[in-house]
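Student: Input: one structure, supplied below.
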Amino acid sequence: MKWGENMLMLITYDVSTVDGAGRRRLRKVAKECVNYGQRVQNSVFECIVDASQSLLLKDALLKLIDPEKDSLRFYYLGNNYKTKIEHFGAKNTYEAKGVLMM
């Protein structure tokens with residue numbers, strides 16, 4: 001990936017919600033992901049980011065989770081992501097047009 005070039009980063013997470021602290025972590029992780037992308041399933045986000053934004057997002061999310069109880073996965077699909085995604089079923093997809101930062 002070249003600096004300044006956008007790519008699709010898919011983020012999936014599983015945050016333990018057995019206690020109040022876990023439920024707060026879950027909300028914070030989701031809120032941080034919403035700042036960068038679009039929720040496509042309950043704990044799955046598609047984010048169009050450049051290299052530096054991907055590092056910032058990854059760092060922010062790693063600071064939010066409890067690595068003993070939670071998990072995060074990052075998939076880097078590159079800038080030719082349109083040929084790598086197929087969707088079937090009820091939920092409409094969206095056309096990502098850049099970063100959705102708030």
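How things are named: the first chain in the structure tokens is A, the next is B, and so on; residues count from 1 in each chain; ligands count from 1 in the order shown.
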Just the residues within 8 Å of segment 75-83 of chain A, please, counting only C-alpha atoms, with nothing from its chain fewer than 2 positions along; format it as a tab-separated table (two decimals) with all heavy atoms, in the first residue's frame.

Tutor:
```
chain	number	residue	atom	x	y	z
A	1	MET	N	0.84	-1.18	0.00
A	1	MET	CA	0.00	0.00	0.00
A	1	MET	C	0.88	1.24	0.00
A	1	MET	O	1.80	1.34	0.77
A	1	MET	CB	-0.89	-0.06	1.23
A	1	MET	CG	-1.43	1.27	1.67
A	1	MET	SD	-3.14	1.13	2.04
A	1	MET	CE	-3.78	2.34	0.97
A	5	GLU	N	-2.80	6.47	-0.46
A	5	GLU	CA	-3.72	5.65	-1.24
A	5	GLU	C	-4.74	5.00	-0.30
A	5	GLU	O	-4.37	4.49	0.74
A	5	GLU	CB	-2.91	4.57	-1.97
A	5	GLU	CG	-3.69	3.75	-2.94
A	5	GLU	CD	-2.78	2.78	-3.68
A	5	GLU	OE1	-2.58	1.67	-3.15
A	5	GLU	OE2	-2.28	3.14	-4.74
A	6	ASN	N	-6.00	5.04	-0.67
A	6	ASN	CA	-7.04	4.44	0.17
A	6	ASN	C	-7.15	2.95	-0.07
A	6	ASN	O	-6.89	2.46	-1.17
A	6	ASN	CB	-8.39	5.09	-0.09
A	6	ASN	CG	-8.50	6.47	0.50
A	6	ASN	OD1	-7.78	6.81	1.44
A	6	ASN	ND2	-9.38	7.28	-0.03
A	7	MET	N	-7.54	2.26	0.98
A	7	MET	CA	-7.75	0.81	0.92
A	7	MET	C	-8.97	0.48	1.76
A	7	MET	O	-9.41	1.28	2.58
A	7	MET	CB	-6.54	0.07	1.47
A	7	MET	CG	-6.34	0.25	2.95
A	7	MET	SD	-5.09	-0.86	3.57
A	7	MET	CE	-4.79	-0.15	5.18
A	8	LEU	N	-9.49	-0.71	1.55
A	8	LEU	CA	-10.58	-1.20	2.38
A	8	LEU	C	-9.99	-2.04	3.50
A	8	LEU	O	-9.22	-2.97	3.25
A	8	LEU	CB	-11.55	-2.04	1.56
A	8	LEU	CG	-12.69	-2.68	2.36
A	8	LEU	CD1	-13.60	-1.62	2.97
A	8	LEU	CD2	-13.49	-3.62	1.49
A	9	MET	N	-10.33	-1.69	4.72
A	9	MET	CA	-9.93	-2.46	5.89
A	9	MET	C	-11.21	-2.99	6.53
A	9	MET	O	-12.12	-2.22	6.84
A	9	MET	CB	-9.16	-1.59	6.89
A	9	MET	CG	-8.68	-2.35	8.09
A	9	MET	SD	-7.47	-1.43	9.12
A	9	MET	CE	-8.50	-0.20	9.86
A	10	LEU	N	-11.30	-4.29	6.66
A	10	LEU	CA	-12.44	-4.93	7.30
A	10	LEU	C	-12.06	-5.22	8.75
A	10	LEU	O	-10.99	-5.78	9.01
A	10	LEU	CB	-12.78	-6.23	6.57
A	10	LEU	CG	-14.02	-6.97	7.04
A	10	LEU	CD1	-15.27	-6.22	6.62
A	10	LEU	CD2	-14.04	-8.37	6.47
A	11	ILE	N	-12.89	-4.80	9.68
A	11	ILE	CA	-12.63	-4.99	11.10
A	11	ILE	C	-13.73	-5.85	11.69
A	11	ILE	O	-14.93	-5.55	11.51
A	11	ILE	CB	-12.57	-3.64	11.85
A	11	ILE	CG1	-11.48	-2.76	11.26
A	11	ILE	CG2	-12.37	-3.87	13.34
A	11	ILE	CD1	-11.52	-1.34	11.75
A	73	ARG	N	-9.97	-8.48	14.76
A	73	ARG	CA	-9.34	-8.95	13.53
A	73	ARG	C	-9.36	-7.82	12.53
A	73	ARG	O	-10.37	-7.12	12.39
A	73	ARG	CB	-10.08	-10.15	12.94
A	73	ARG	CG	-9.84	-11.43	13.69
A	73	ARG	CD	-10.61	-12.57	13.02
A	73	ARG	NE	-10.31	-13.80	13.68
A	73	ARG	CZ	-9.53	-14.75	13.15
A	73	ARG	NH1	-9.03	-14.60	11.96
A	73	ARG	NH2	-9.30	-15.85	13.81
A	85	ILE	N	-15.44	-8.52	-3.01
A	85	ILE	CA	-16.60	-8.56	-2.12
A	85	ILE	C	-17.82	-9.01	-2.91
A	85	ILE	O	-18.11	-8.49	-3.98
A	85	ILE	CB	-16.87	-7.17	-1.51
A	85	ILE	CG1	-15.69	-6.70	-0.70
A	85	ILE	CG2	-18.14	-7.22	-0.65
A	85	ILE	CD1	-15.81	-5.26	-0.24
```

Student: Between atom CA of Ala21 of chain A and atom CA of Leu55 of chain A, measure the distance and give it in Å to one decimal.

Tutor: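 Atom CA of Leu55 of chain A lies 25.2 Å from atom CA of Ala21 of chain A.
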
Student: Could you check the closest approach to Val15 of chain A for each of A:Lys69, A:Arg39, A:Lys31, A:His87 and tell me which residue wins, using only C-alpha atoms?

Tutor: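 Checking each of A:Lys69, A:Arg39, A:Lys31, A:His87 against Val15 of chain A, counting only C-alpha atoms, the winner is A:Lys69.
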
Student: Just the alpha helix (DSSP H) stuff from chain A, please, per backbone DSSP, written as a list in words.

Tutor: Gly20, Ala21, Gly22, Arg23, Arg24, Arg25, Leu26, Arg27, Lys28, Val29, Ala30, Lys31, Glu32, Cys33, Val34, Ala51, Ser52, Gln53, Ser54, Leu55, Leu56, Leu57, Lys58, Asp59, Ala60, Leu61, Leu62, Lys63 and Leu64 of chain A

Student: Identify all residues of segment 5-73 of chain A in strand (DSSP E) (DSSP on the backbone) and supply them as a list in words.

Tutor: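 Listing strand (DSSP E) positions across segment 5-73 of chain A yields Met7, Leu8, Met9, Leu10, Ile11, Thr12, Tyr13, Asp14, Gly37, Gln38, Arg39, Val40, Gln41, Val44, Phe45, Glu46, Cys47, Ile48, Val49, Ser71, Leu72 and Arg73 of chain A.
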
Student: Which of these, A:Phe88, A:Gln38, A:Asp50, A:Asp70, has the shortest distance to Thr17 of chain A once you count only C-alpha atoms?

Tutor: A:Asp70

Student: Could you work out how far atom CA of Ser52 of chain A lies from atom CA of Leu64 of chain A, giving the answer in Å with one decimal?

Tutor: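 Separating atom CA of Leu64 of chain A from atom CA of Ser52 of chain A is a distance of 18.8 Å.
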
Student: Record the distance separating atom CA of Leu72 of chain A and atom CA of Ala30 of chain A, expressed in Å with one decimal.

Tutor: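 So the two atoms, atom CA of Leu72 of chain A and atom CA of Ala30 of chain A, lie 11.7 Å apart.
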
Student: Check the smallest atom-to-atom distance from each of A:Thr12, A:Val29, A:Gly20, A:Asn42 to Ile65 of chain A using only C-alpha atoms, then report the winner.

Tutor: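 Checking each of A:Thr12, A:Val29, A:Gly20, A:Asn42 against Ile65 of chain A, counting only C-alpha atoms, the winner is A:Val29.
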
Student: Measuring between only C-alpha atoms, which one of A:Leu56, A:Val34, A:Ala90, A:Leu26 shows the shortest distance to Ser71 of chain A?

Tutor: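 Of all the options, A:Leu26 lies closest to Ser71 of chain A.
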